[in-house]
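Engineer: Just target.tsv, nothing more (TSV, C-alpha atoms):
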```
chain	number	residue	atom	x	y	z
A	49	MET	CA	87.96	89.35	81.17
A	50	ALA	CA	87.03	85.75	81.99
A	51	ALA	CA	89.56	85.70	84.85
A	52	CYS	CA	88.05	88.91	86.27
A	53	PHE	CA	84.59	87.36	86.11
A	54	VAL	CA	85.67	84.17	87.91
A	55	VAL	CA	87.56	85.98	90.68
A	56	GLY	CA	84.68	88.45	91.01
A	57	ILE	CA	82.14	85.66	91.51
A	58	PHE	CA	84.23	84.12	94.29
A	59	ALA	CA	84.86	87.56	95.85
A	60	LEU	CA	81.12	88.24	95.90
A	61	GLY	CA	80.36	84.90	97.49
A	62	THR	CA	82.93	84.67	100.27
A	63	GLY	CA	82.83	86.40	103.63
A	64	ALA	CA	80.88	86.31	106.87
A	65	ILE	CA	77.78	85.50	104.80
A	66	SER	CA	78.81	82.72	102.43
A	67	VAL	CA	77.01	82.54	99.08
A	68	ALA	CA	77.50	79.74	96.56
A	69	PRO	CA	78.75	80.76	93.07
A	70	LEU	CA	75.46	79.79	91.39
A	71	ASP	CA	73.52	81.80	93.97
A	72	VAL	CA	75.81	84.75	93.29
A	73	VAL	CA	74.95	84.57	89.59
A	74	ARG	CA	71.23	84.28	90.38
A	75	THR	CA	71.46	87.30	92.67
A	76	LEU	CA	73.22	89.34	89.99
A	77	LEU	CA	70.43	88.41	87.58
A	78	GLY	CA	67.81	89.61	90.08
A	79	ASN	CA	66.64	86.24	91.41
A	80	GLY	CA	68.30	86.27	94.84
A	81	SER	CA	66.85	86.19	98.32
A	82	ARG	CA	66.89	89.12	100.74
A	83	LEU	CA	69.98	87.75	102.45
A	84	THR	CA	71.95	87.24	99.23
A	85	ASP	CA	70.81	90.61	97.88
A	86	PHE	CA	72.16	92.27	101.01
A	87	ALA	CA	75.45	90.37	101.02
A	88	VAL	CA	76.18	90.47	97.30
A	89	LEU	CA	74.58	93.65	95.99
A	90	ASP	CA	74.80	95.97	98.98
A	91	LEU	CA	78.02	94.90	100.72
A	92	ARG	CA	80.38	93.32	98.19
A	93	LEU	CA	79.46	94.38	94.67
A	94	PRO	CA	80.53	98.05	95.07
A	95	ARG	CA	83.93	96.97	96.34
A	96	VAL	CA	84.44	94.53	93.47
A	97	LEU	CA	83.43	97.10	90.87
A	98	ILE	CA	85.66	99.76	92.41
A	99	ALA	CA	88.59	97.31	92.39
A	100	LEU	CA	88.00	96.65	88.69
A	101	CYS	CA	87.71	100.35	87.83
A	102	VAL	CA	90.76	101.37	89.88
A	103	GLY	CA	92.87	98.57	88.39
A	104	ALA	CA	91.76	99.44	84.86
A	105	ALA	CA	92.62	103.11	85.35
A	106	LEU	CA	96.08	102.28	86.73
A	107	GLY	CA	96.75	99.78	83.95
A	108	MET	CA	95.86	102.28	81.23
A	109	SER	CA	97.95	104.99	82.88
A	110	GLY	CA	100.94	102.69	83.11
A	111	ALA	CA	100.61	101.67	79.46
A	112	VAL	CA	100.58	105.32	78.37
A	113	PHE	CA	103.68	106.32	80.33
A	114	GLN	CA	105.69	103.20	79.52
A	115	SER	CA	104.98	103.78	75.85
A	116	LEU	CA	105.80	107.49	76.01
A	117	SER	CA	109.07	106.90	77.86
A	118	ARG	CA	109.86	103.70	75.89
A	119	ASN	CA	110.92	102.26	79.20
A	120	PRO	CA	109.29	99.36	81.12
A	121	LEU	CA	110.03	101.25	84.35
A	122	GLY	CA	108.35	104.45	83.17
A	123	SER	CA	105.18	104.11	85.24
A	124	PRO	CA	103.36	106.77	87.31
A	125	ASP	CA	104.62	105.02	90.47
A	126	LEU	CA	108.26	105.75	89.67
A	127	ILE	CA	108.11	109.08	87.83
A	128	GLY	CA	106.25	110.99	90.51
A	129	PHE	CA	102.64	111.32	89.35
A	130	THR	CA	101.26	108.93	91.96
A	131	TYR	CA	103.21	110.78	94.65
A	132	GLY	CA	101.75	114.05	93.38
A	133	SER	CA	98.24	112.69	93.81
A	134	THR	CA	99.21	111.42	97.26
A	135	THR	CA	100.52	114.84	98.25
A	136	GLY	CA	97.31	116.51	97.09
A	137	GLY	CA	95.20	114.09	99.12
A	138	LEU	CA	97.39	114.42	102.20
A	139	VAL	CA	97.22	118.21	102.11
A	140	VAL	CA	93.42	118.00	102.18
A	141	ILE	CA	93.36	115.33	104.92
A	142	LEU	CA	96.05	116.71	107.22
A	143	LEU	CA	95.92	120.47	106.68
A	144	LEU	CA	92.40	121.24	105.52
A	145	GLY	CA	90.46	118.43	107.21
A	146	GLY	CA	88.37	117.91	104.09
A	147	ASN	CA	85.80	115.21	103.42
A	148	LEU	CA	85.92	112.46	100.82
A	149	VAL	CA	84.99	114.73	97.91
A	150	ALA	CA	87.66	117.25	98.87
A	151	VAL	CA	90.29	114.50	99.17
A	152	SER	CA	89.38	113.24	95.70
A	153	VAL	CA	89.65	116.72	94.22
A	154	GLY	CA	92.97	117.27	96.01
A	155	ALA	CA	94.39	114.01	94.65
A	156	VAL	CA	93.37	114.82	91.07
A	157	VAL	CA	94.72	118.38	91.27
A	158	GLY	CA	97.97	117.18	92.87
A	159	GLY	CA	98.53	114.61	90.15
A	160	LEU	CA	97.86	117.04	87.30
A	161	VAL	CA	100.07	119.78	88.80
A	162	THR	CA	102.89	117.26	89.24
A	163	ALA	CA	102.51	116.02	85.66
A	164	LEU	CA	102.70	119.55	84.23
A	165	SER	CA	105.68	120.36	86.48
A	166	VAL	CA	107.58	117.25	85.35
A	167	TYR	CA	106.75	118.03	81.72
A	168	LEU	CA	108.07	121.59	81.99
A	169	LEU	CA	111.19	120.52	83.88
A	170	ALA	CA	111.90	117.78	81.34
A	171	TRP	CA	111.45	120.17	78.40
A	172	GLN	CA	114.61	120.67	76.37
A	173	ARG	CA	113.64	121.36	72.77
A	174	GLY	CA	110.97	118.77	73.35
A	175	VAL	CA	110.52	116.00	75.91
A	176	ARG	CA	112.45	112.75	75.56
A	177	GLY	CA	111.56	109.52	77.32
A	178	ASN	CA	114.72	109.09	79.38
A	179	ARG	CA	114.70	112.72	80.49
A	180	LEU	CA	111.04	112.41	81.49
A	181	VAL	CA	111.84	109.38	83.65
A	182	LEU	CA	114.88	110.97	85.29
A	183	VAL	CA	113.10	114.23	86.10
A	184	GLY	CA	110.09	112.26	87.35
A	185	VAL	CA	112.24	110.18	89.69
A	186	GLY	CA	113.74	113.36	91.16
A	187	VAL	CA	110.32	114.97	91.61
A	188	SER	CA	108.96	111.79	93.22
A	189	ALA	CA	111.81	111.86	95.76
A	190	ILE	CA	110.96	115.45	96.67
A	191	LEU	CA	107.25	114.67	96.97
A	192	GLN	CA	107.99	111.64	99.13
A	193	ALA	CA	109.89	113.89	101.52
A	194	VAL	CA	106.96	116.34	101.55
A	195	ASN	CA	104.54	113.51	102.32
A	196	PHE	CA	106.65	112.29	105.23
A	197	TYR	CA	106.90	115.84	106.56
A	198	LEU	CA	103.13	116.26	106.45
A	199	ILE	CA	102.56	112.98	108.29
A	200	VAL	CA	105.19	113.58	110.97
A	201	ASN	CA	103.81	117.03	111.83
A	202	ALA	CA	100.12	116.12	111.80
A	203	ARG	CA	97.76	115.20	114.63
A	204	ILE	CA	97.51	111.55	115.63
A	205	ALA	CA	93.85	111.24	114.62
A	206	ASP	CA	94.52	112.66	111.17
A	207	VAL	CA	97.61	110.49	110.76
A	208	ALA	CA	95.57	107.34	111.36
A	209	ARG	CA	93.14	108.34	108.61
A	210	ALA	CA	95.94	109.35	106.26
A	211	THR	CA	97.93	106.15	106.84
A	212	VAL	CA	95.05	103.95	105.73
A	213	TRP	CA	94.53	106.09	102.64
A	214	ILE	CA	98.18	106.23	101.49
A	215	THR	CA	98.54	102.45	101.84
A	216	GLY	CA	95.84	101.92	99.23
A	217	SER	CA	92.67	100.36	100.58
A	218	LEU	CA	89.20	99.40	99.32
A	219	GLU	CA	87.81	99.13	102.83
A	220	ASN	CA	84.45	100.82	103.55
A	221	LEU	CA	83.86	101.82	99.93
A	222	GLY	CA	80.28	101.75	98.70
A	223	TRP	CA	78.07	102.87	95.86
A	224	GLU	CA	78.62	106.54	96.73
A	225	HIS	CA	82.31	106.04	95.90
A	226	PHE	CA	81.69	104.00	92.76
A	227	TRP	CA	79.55	106.42	90.76
A	228	PRO	CA	82.03	109.36	90.69
A	229	LEU	CA	84.81	106.93	89.72
A	230	VAL	CA	82.90	105.33	86.86
A	231	THR	CA	81.73	108.75	85.65
A	232	ALA	CA	85.34	109.92	85.40
A	233	LEU	CA	86.35	106.75	83.55
A	234	VAL	CA	83.53	107.17	81.05
A	235	VAL	CA	85.29	110.39	80.02
A	236	LEU	CA	88.90	109.20	80.36
A	237	ILE	CA	88.73	105.84	78.59
A	238	PRO	CA	87.58	107.30	75.23
A	239	ALA	CA	90.15	110.08	75.64
A	240	LEU	CA	92.97	107.57	76.12
A	241	LEU	CA	91.78	105.34	73.29
A	242	ALA	CA	91.57	108.37	71.00
A	243	GLY	CA	95.19	109.21	71.82
A	244	SER	CA	96.42	105.63	71.36
A	245	ARG	CA	96.88	106.13	67.60
A	246	TRP	CA	99.34	108.94	68.33
A	247	LEU	CA	100.95	106.81	71.00
A	248	ASN	CA	101.68	103.99	68.55
A	249	MET	CA	103.30	106.44	66.13
A	250	LEU	CA	105.33	108.14	68.86
A	251	GLU	CA	106.82	104.75	69.73
A	252	MET	CA	108.53	104.78	66.30
A	253	GLY	CA	110.38	107.98	67.19
A	254	ASP	CA	109.64	111.68	67.05
A	255	ASP	CA	110.99	112.17	63.54
A	256	THR	CA	108.92	109.31	62.12
A	257	ALA	CA	105.81	110.46	63.96
A	258	HIS	CA	106.30	114.02	62.70
A	259	ALA	CA	106.69	112.72	59.14
A	260	LEU	CA	103.40	110.87	59.53
A	261	GLY	CA	101.64	114.10	60.46
A	262	VAL	CA	101.53	113.72	64.25
A	263	PRO	CA	101.84	116.96	66.27
A	264	VAL	CA	104.51	115.44	68.50
A	265	GLU	CA	104.67	117.73	71.52
A	266	ARG	CA	100.95	118.50	71.63
A	267	SER	CA	100.18	114.79	71.41
A	268	ARG	CA	102.69	114.00	74.14
A	269	LEU	CA	101.27	116.68	76.44
A	270	TYR	CA	97.72	115.44	75.77
A	271	LEU	CA	98.70	111.86	76.61
A	272	ILE	CA	100.56	112.92	79.75
A	273	VAL	CA	97.54	114.83	81.02
A	274	ALA	CA	95.10	112.02	80.17
A	275	GLY	CA	97.32	109.32	81.66
A	276	THR	CA	97.90	111.36	84.81
A	277	ALA	CA	94.17	112.00	85.15
A	278	ALA	CA	93.49	108.24	85.03
A	279	CYS	CA	96.12	107.60	87.71
A	280	ALA	CA	94.85	110.50	89.84
A	281	VAL	CA	91.22	109.34	89.64
A	282	ALA	CA	92.24	105.86	90.80
A	283	THR	CA	94.29	107.35	93.63
A	284	ALA	CA	91.41	109.60	94.65
A	285	ALA	CA	89.08	106.60	94.92
A	286	ALA	CA	91.26	104.07	96.73
A	287	GLY	CA	94.53	105.75	97.64
A	288	PRO	CA	97.90	105.15	95.93
A	289	ILE	CA	97.83	101.41	95.12
A	290	ALA	CA	101.44	100.70	94.28
A	291	PHE	CA	103.02	98.94	91.29
A	292	VAL	CA	99.83	98.04	89.39
A	293	ALA	CA	100.62	100.67	86.75
A	294	LEU	CA	104.13	99.20	86.51
A	295	THR	CA	103.30	95.51	86.20
A	296	ALA	CA	99.95	95.41	84.38
A	297	PRO	CA	101.11	96.71	80.95
A	298	GLN	CA	104.12	94.41	80.82
A	299	LEU	CA	102.17	91.33	81.88
A	300	ALA	CA	99.47	92.16	79.31
A	301	LYS	CA	102.08	92.48	76.55
A	302	ARG	CA	103.61	89.14	77.42
A	303	LEU	CA	100.20	87.47	77.28
A	304	THR	CA	98.87	89.09	74.12
A	305	ARG	CA	102.16	89.42	72.18
A	306	ALA	CA	100.53	92.35	70.39
A	307	PRO	CA	102.45	95.41	69.17
A	308	GLY	CA	101.69	98.92	70.34
A	309	ALA	CA	100.89	100.39	73.72
A	310	GLY	CA	98.08	97.90	74.44
A	311	ILE	CA	95.89	100.21	76.50
A	312	LEU	CA	92.86	97.91	76.68
A	313	PRO	CA	94.82	94.71	77.55
A	314	ALA	CA	96.66	96.70	80.24
A	315	ALA	CA	93.30	97.87	81.59
A	316	TRP	CA	92.00	94.31	81.92
A	317	MET	CA	95.24	93.10	83.47
A	318	GLY	CA	95.25	95.97	85.97
A	319	ALA	CA	91.62	95.25	86.90
A	320	PHE	CA	92.46	91.57	87.41
A	321	LEU	CA	95.53	92.31	89.57
A	322	VAL	CA	93.72	94.70	91.91
A	323	LEU	CA	90.70	92.41	92.24
A	324	LEU	CA	92.87	89.35	92.87
A	325	ALA	CA	95.07	91.19	95.38
A	326	ASP	CA	92.03	92.49	97.27
A	327	PHE	CA	90.43	89.03	97.29
A	328	ALA	CA	93.66	87.45	98.58
A	329	THR	CA	94.28	90.03	101.33
A	330	GLN	CA	90.70	89.72	102.62
A	331	ARG	CA	91.09	85.94	103.03
A	332	LEU	CA	94.09	86.29	105.36
A	333	PRO	CA	93.64	85.74	109.13
A	334	THR	CA	94.27	89.47	109.53
A	335	PRO	CA	92.93	91.36	106.50
A	336	LEU	CA	95.39	93.80	104.94
A	337	PRO	CA	94.97	96.78	102.60
A	338	VAL	CA	95.15	95.86	98.94
A	339	GLY	CA	98.17	98.14	98.48
A	340	VAL	CA	100.28	95.81	100.64
A	341	ALA	CA	99.73	92.88	98.28
A	342	THR	CA	100.32	94.90	95.10
A	343	ALA	CA	103.51	96.38	96.58
A	344	ALA	CA	104.82	92.88	97.31
A	345	LEU	CA	103.93	91.74	93.79
A	346	GLY	CA	105.49	94.83	92.26
A	347	GLY	CA	108.71	94.39	94.22
A	348	VAL	CA	109.12	90.84	92.92
A	349	TYR	CA	108.34	91.97	89.37
A	350	LEU	CA	110.81	94.87	89.58
A	351	ALA	CA	113.57	92.52	90.73
A	352	TRP	CA	112.76	90.18	87.83
A	353	VAL	CA	112.92	93.03	85.29
A	354	LEU	CA	116.28	94.18	86.63
A	355	ALA	CA	117.61	90.61	86.56
A	356	ARG	CA	116.55	90.18	82.92
A	357	SER	CA	118.08	93.52	81.96
A	358	THR	CA	121.45	92.42	83.35
A	359	GLN	CA	121.27	88.98	81.73
A	360	ALA	CA	120.54	90.31	78.24
A	361	PRO	CA	123.94	92.04	77.70
A	362	ARG	CA	125.69	88.88	78.94
A	363	LYS	CA	123.90	86.79	76.32
A	364	VAL	CA	124.87	89.27	73.60
A	365	ARG	CA	128.51	89.20	74.69
A	366	ARG	CA	128.54	85.39	74.76
A	367	TRP	CA	127.04	85.23	71.26
A	368	LYS	CA	129.66	87.66	69.91
A	369	ALA	CA	132.44	85.69	71.57
A	370	PHE	CA	131.05	82.47	70.11
A	371	ARG	CA	130.97	83.93	66.60
A	372	ARG	CA	134.56	85.13	66.96
A	373	SER	CA	135.83	81.72	68.07
A	374	PRO	CA	138.45	80.01	65.78
A	375	ARG	CA	136.17	77.04	64.99
A	376	ILE	CA	133.42	79.31	63.68
A	377	ARG	CA	135.89	81.24	61.52
A	378	GLU	CA	137.30	78.02	60.07
A	379	ARG	CA	133.82	76.77	59.13
A	380	ALA	CA	133.05	80.12	57.54
```
In structure tokens, write the structure found in this file.
Structural biologist:
Amino acid sequence: MAACFVVGIFALGTGAISVAPLDVVRTLLGNGSRLTDFAVLDLRLPRVLIALCVGAALGMSGAVFQSLSRNPLGSPDLIGFTYGSTTGGLVVILLLGGNLVAVSVGAVVGGLVTALSVYLLAWQRGVRGNRLVLVGVGVSAILQAVNFYLIVNARIADVARATVWITGSLENLGWEHFWPLVTALVVLIPALLAGSRWLNMLEMGDDTAHALGVPVERSRLYLIVAGTAACAVATAAAGPIAFVALTAPQLAKRLTRAPGAGILPAAWMGAFLVLLADFATQRLPTPLPVGVATAALGGVYLAWVLARSTQAPRKVRRWKAFRRSPRIRERA
């Protein structure tokens, strides 16, 4: 939270109209001048708040799906739900020519339809984590092909608009974009927190959760819908910002060392990552969409996870070989 506050203060104060950090604080408290009120409150504050809300939604969604799948790679980015939201938004942009509200509705509907489709396809006397991930990866590949098809066969003017959106950008977002997003999160955050108690029990296994009185499949379906809704709302607001849902929960777990899904720590970490990435990309000589920075960060993180997963079996094999060595047996 403190890191978000510090980065937010600097993000509010830097730009064509430079504002000192203390003046930013004074402006937020209602003691600013006309110039600082315009720069901080009208131009930059909506973007900062949207970055925080989008990152929090993606972080919570990633925590839910990684916990459900019991897999650090089980995020909405990789199991198709983000691509479903992207497909819904692209259909509205490229085929229906809808406005911002219609694009948001299309993204939410696309994400929810994809989530229910993956759930039904993964059903086999219940839904298991590995099967959910595998089916989701297959569905995401199909949706990616559909998205490319829509872009290739669209008009040039619509493609330009769609390209900016699918990259993930906070450009030209104002208060009119913030209020629908925060309204949706006011509903979704309590819903996710209410389901977190089931989530922690489901991590112990379906049989254990069932013995503790958890309705396993109903709880899993509820969490899938709520987690997908959080991801879809973030995608509707800023486009599909990649890899935040993948990296935020794992980074939060490594910092807090707390058991369980860690929905709230993942939310704060996701908010910090999106805000920091947006602040960094806007300071470049040529500003870039925030999705470019998060994709680069996510690619590095994914490579690190894969490297650790290959090193772990080697360490186990070396330890077993060490214990079987003649010197160890003689000492025993």
Engineer: Could you check which of A:Ala193, A:Leu164, A:Ile237, A:Ala210 is closest to A:Gly145, using only C-alpha atoms?
Structural biologist: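 Answer, going by the shortest atom-to-atom distance: A:Ala210.
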Engineer: Looking at all atoms listed in the file, which of A:Ala111, A:Leu168, A:Leu229, A:Val67 is the one that sits closest to A:Ala300?
Structural biologist: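 Answer, going by the shortest atom-to-atom distance: A:Ala111.
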Engineer: Which centre and which edge lengths, in Å to one decimal, describe the axis-aligned box that holds all listed atoms of stretch 79-97 of chain A after 4 Å is added on each side, as JSON?
Structural biologist:
```
{"center_x": 75.5, "center_y": 92.1, "center_z": 96.7, "size_x": 25.8, "size_y": 19.9, "size_z": 19.6}
```
Engineer: Could you please determine the separation between atom CA of A:Val235 and atom CA of A:Ala274 in Å, to one decimal place?
Structural biologist: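 Those two atoms sit 9.9 Å apart.
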Engineer: If you count only C-alpha atoms, which residues fall within 9 Å of A:Ala59, apart from same-chain ones fewer than 2 positions away, as a list in words?
Structural biologist: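 The filter keeps Val54, Val55, Gly56, Ile57, Gly61, Thr62, Gly63, Arg92, Leu93, Val96, Leu323, Leu324, Asp326 and Phe327 of chain A.
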Engineer: Could you state the separation of atom CA of A:Val292 and atom CA of A:Met317 in Å, given to one decimal place?
Structural biologist: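 So the answer is 9.0 Å.
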Engineer: Take stretch 311-336 of chain A, model N, CA, C and O atoms, and hand the result over as a PDB file, keeping the file's coordinate frame.
Structural biologist:
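For reference, out.pdb as written:
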```pdb
ATOM      1  N   ILE A 311      96.589  99.559  75.395  1.00  0.00           N
ATOM      2  CA  ILE A 311      95.890 100.210  76.500  1.00  0.00           C
ATOM      3  C   ILE A 311      94.777  99.339  77.060  1.00  0.00           C
ATOM      4  O   ILE A 311      94.649  99.172  78.284  1.00  0.00           O
ATOM      5  N   LEU A 312      93.964  98.736  76.192  1.00  0.00           N
ATOM      6  CA  LEU A 312      92.860  97.910  76.680  1.00  0.00           C
ATOM      7  C   LEU A 312      93.343  96.626  77.364  1.00  0.00           C
ATOM      8  O   LEU A 312      92.836  96.274  78.438  1.00  0.00           O
ATOM      9  N   PRO A 313      94.309  95.870  76.799  1.00  0.00           N
ATOM     10  CA  PRO A 313      94.820  94.710  77.550  1.00  0.00           C
ATOM     11  C   PRO A 313      95.415  95.099  78.902  1.00  0.00           C
ATOM     12  O   PRO A 313      95.252  94.370  79.884  1.00  0.00           O
ATOM     13  N   ALA A 314      96.107  96.245  78.955  1.00  0.00           N
ATOM     14  CA  ALA A 314      96.660  96.700  80.240  1.00  0.00           C
ATOM     15  C   ALA A 314      95.549  97.027  81.224  1.00  0.00           C
ATOM     16  O   ALA A 314      95.685  96.788  82.428  1.00  0.00           O
ATOM     17  N   ALA A 315      94.433  97.572  80.714  1.00  0.00           N
ATOM     18  CA  ALA A 315      93.300  97.870  81.590  1.00  0.00           C
ATOM     19  C   ALA A 315      92.734  96.592  82.206  1.00  0.00           C
ATOM     20  O   ALA A 315      92.470  96.537  83.410  1.00  0.00           O
ATOM     21  N   TRP A 316      92.532  95.570  81.389  1.00  0.00           N
ATOM     22  CA  TRP A 316      92.000  94.310  81.920  1.00  0.00           C
ATOM     23  C   TRP A 316      92.969  93.646  82.887  1.00  0.00           C
ATOM     24  O   TRP A 316      92.557  93.099  83.914  1.00  0.00           O
ATOM     25  N   MET A 317      94.262  93.705  82.561  1.00  0.00           N
ATOM     26  CA  MET A 317      95.240  93.100  83.470  1.00  0.00           C
ATOM     27  C   MET A 317      95.300  93.866  84.790  1.00  0.00           C
ATOM     28  O   MET A 317      95.385  93.265  85.868  1.00  0.00           O
ATOM     29  N   GLY A 318      95.255  95.191  84.740  1.00  0.00           N
ATOM     30  CA  GLY A 318      95.250  95.970  85.970  1.00  0.00           C
ATOM     31  C   GLY A 318      94.016  95.692  86.816  1.00  0.00           C
ATOM     32  O   GLY A 318      94.111  95.554  88.041  1.00  0.00           O
ATOM     33  N   ALA A 319      92.849  95.577  86.165  1.00  0.00           N
ATOM     34  CA  ALA A 319      91.620  95.250  86.900  1.00  0.00           C
ATOM     35  C   ALA A 319      91.743  93.889  87.568  1.00  0.00           C
ATOM     36  O   ALA A 319      91.345  93.710  88.732  1.00  0.00           O
ATOM     37  N   PHE A 320      92.301  92.921  86.846  1.00  0.00           N
ATOM     38  CA  PHE A 320      92.460  91.570  87.410  1.00  0.00           C
ATOM     39  C   PHE A 320      93.428  91.576  88.597  1.00  0.00           C
ATOM     40  O   PHE A 320      93.164  90.941  89.627  1.00  0.00           O
ATOM     41  N   LEU A 321      94.538  92.301  88.489  1.00  0.00           N
ATOM     42  CA  LEU A 321      95.530  92.310  89.570  1.00  0.00           C
ATOM     43  C   LEU A 321      94.965  92.927  90.842  1.00  0.00           C
ATOM     44  O   LEU A 321      95.169  92.398  91.943  1.00  0.00           O
ATOM     45  N   VAL A 322      94.269  94.050  90.712  1.00  0.00           N
ATOM     46  CA  VAL A 322      93.720  94.700  91.910  1.00  0.00           C
ATOM     47  C   VAL A 322      92.631  93.837  92.536  1.00  0.00           C
ATOM     48  O   VAL A 322      92.580  93.668  93.765  1.00  0.00           O
ATOM     49  N   LEU A 323      91.763  93.268  91.708  1.00  0.00           N
ATOM     50  CA  LEU A 323      90.700  92.410  92.240  1.00  0.00           C
ATOM     51  C   LEU A 323      91.271  91.176  92.916  1.00  0.00           C
ATOM     52  O   LEU A 323      90.833  90.793  94.016  1.00  0.00           O
ATOM     53  N   LEU A 324      92.252  90.549  92.283  1.00  0.00           N
ATOM     54  CA  LEU A 324      92.870  89.350  92.870  1.00  0.00           C
ATOM     55  C   LEU A 324      93.609  89.686  94.159  1.00  0.00           C
ATOM     56  O   LEU A 324      93.521  88.941  95.150  1.00  0.00           O
ATOM     57  N   ALA A 325      94.335  90.802  94.170  1.00  0.00           N
ATOM     58  CA  ALA A 325      95.070  91.190  95.380  1.00  0.00           C
ATOM     59  C   ALA A 325      94.104  91.495  96.520  1.00  0.00           C
ATOM     60  O   ALA A 325      94.350  91.097  97.668  1.00  0.00           O
ATOM     61  N   ASP A 326      93.008  92.181  96.222  1.00  0.00           N
ATOM     62  CA  ASP A 326      92.030  92.490  97.270  1.00  0.00           C
ATOM     63  C   ASP A 326      91.370  91.206  97.788  1.00  0.00           C
ATOM     64  O   ASP A 326      91.176  91.042  98.995  1.00  0.00           O
ATOM     65  N   PHE A 327      91.033  90.302  96.879  1.00  0.00           N
ATOM     66  CA  PHE A 327      90.430  89.030  97.290  1.00  0.00           C
ATOM     67  C   PHE A 327      91.392  88.239  98.182  1.00  0.00           C
ATOM     68  O   PHE A 327      90.983  87.657  99.199  1.00  0.00           O
ATOM     69  N   ALA A 328      92.682  88.211  97.808  1.00  0.00           N
ATOM     70  CA  ALA A 328      93.660  87.450  98.580  1.00  0.00           C
ATOM     71  C   ALA A 328      93.888  88.063  99.961  1.00  0.00           C
ATOM     72  O   ALA A 328      93.955  87.344 100.970  1.00  0.00           O
ATOM     73  N   THR A 329      94.003  89.399 100.039  1.00  0.00           N
ATOM     74  CA  THR A 329      94.280  90.030 101.330  1.00  0.00           C
ATOM     75  C   THR A 329      93.093  89.915 102.289  1.00  0.00           C
ATOM     76  O   THR A 329      93.282  89.867 103.508  1.00  0.00           O
ATOM     77  N   GLN A 330      91.878  89.847 101.751  1.00  0.00           N
ATOM     78  CA  GLN A 330      90.700  89.720 102.620  1.00  0.00           C
ATOM     79  C   GLN A 330      90.522  88.305 103.146  1.00  0.00           C
ATOM     80  O   GLN A 330      89.758  88.086 104.081  1.00  0.00           O
ATOM     81  N   ARG A 331      91.206  87.326 102.567  1.00  0.00           N
ATOM     82  CA  ARG A 331      91.090  85.940 103.030  1.00  0.00           C
ATOM     83  C   ARG A 331      92.156  85.599 104.076  1.00  0.00           C
ATOM     84  O   ARG A 331      92.181  84.490 104.591  1.00  0.00           O
ATOM     85  N   LEU A 332      93.060  86.533 104.359  1.00  0.00           N
ATOM     86  CA  LEU A 332      94.090  86.290 105.360  1.00  0.00           C
ATOM     87  C   LEU A 332      93.480  86.318 106.768  1.00  0.00           C
ATOM     88  O   LEU A 332      92.422  86.913 106.982  1.00  0.00           O
ATOM     89  N   PRO A 333      94.157  85.673 107.747  1.00  0.00           N
ATOM     90  CA  PRO A 333      93.640  85.740 109.130  1.00  0.00           C
ATOM     91  C   PRO A 333      93.460  87.168 109.622  1.00  0.00           C
ATOM     92  O   PRO A 333      92.493  87.474 110.319  1.00  0.00           O
ATOM     93  N   THR A 334      94.398  88.035 109.244  1.00  0.00           N
ATOM     94  CA  THR A 334      94.270  89.470 109.530  1.00  0.00           C
ATOM     95  C   THR A 334      94.218  90.209 108.214  1.00  0.00           C
ATOM     96  O   THR A 334      95.232  90.323 107.519  1.00  0.00           O
ATOM     97  N   PRO A 335      93.048  90.692 107.793  1.00  0.00           N
ATOM     98  CA  PRO A 335      92.930  91.360 106.500  1.00  0.00           C
ATOM     99  C   PRO A 335      93.873  92.555 106.384  1.00  0.00           C
ATOM    100  O   PRO A 335      94.097  93.296 107.342  1.00  0.00           O
ATOM    101  N   LEU A 336      94.443  92.716 105.197  1.00  0.00           N
ATOM    102  CA  LEU A 336      95.390  93.800 104.940  1.00  0.00           C
ATOM    103  C   LEU A 336      94.860  94.687 103.817  1.00  0.00           C
ATOM    104  O   LEU A 336      94.042  94.254 103.005  1.00  0.00           O
TER     105      LEU A 336
END
```
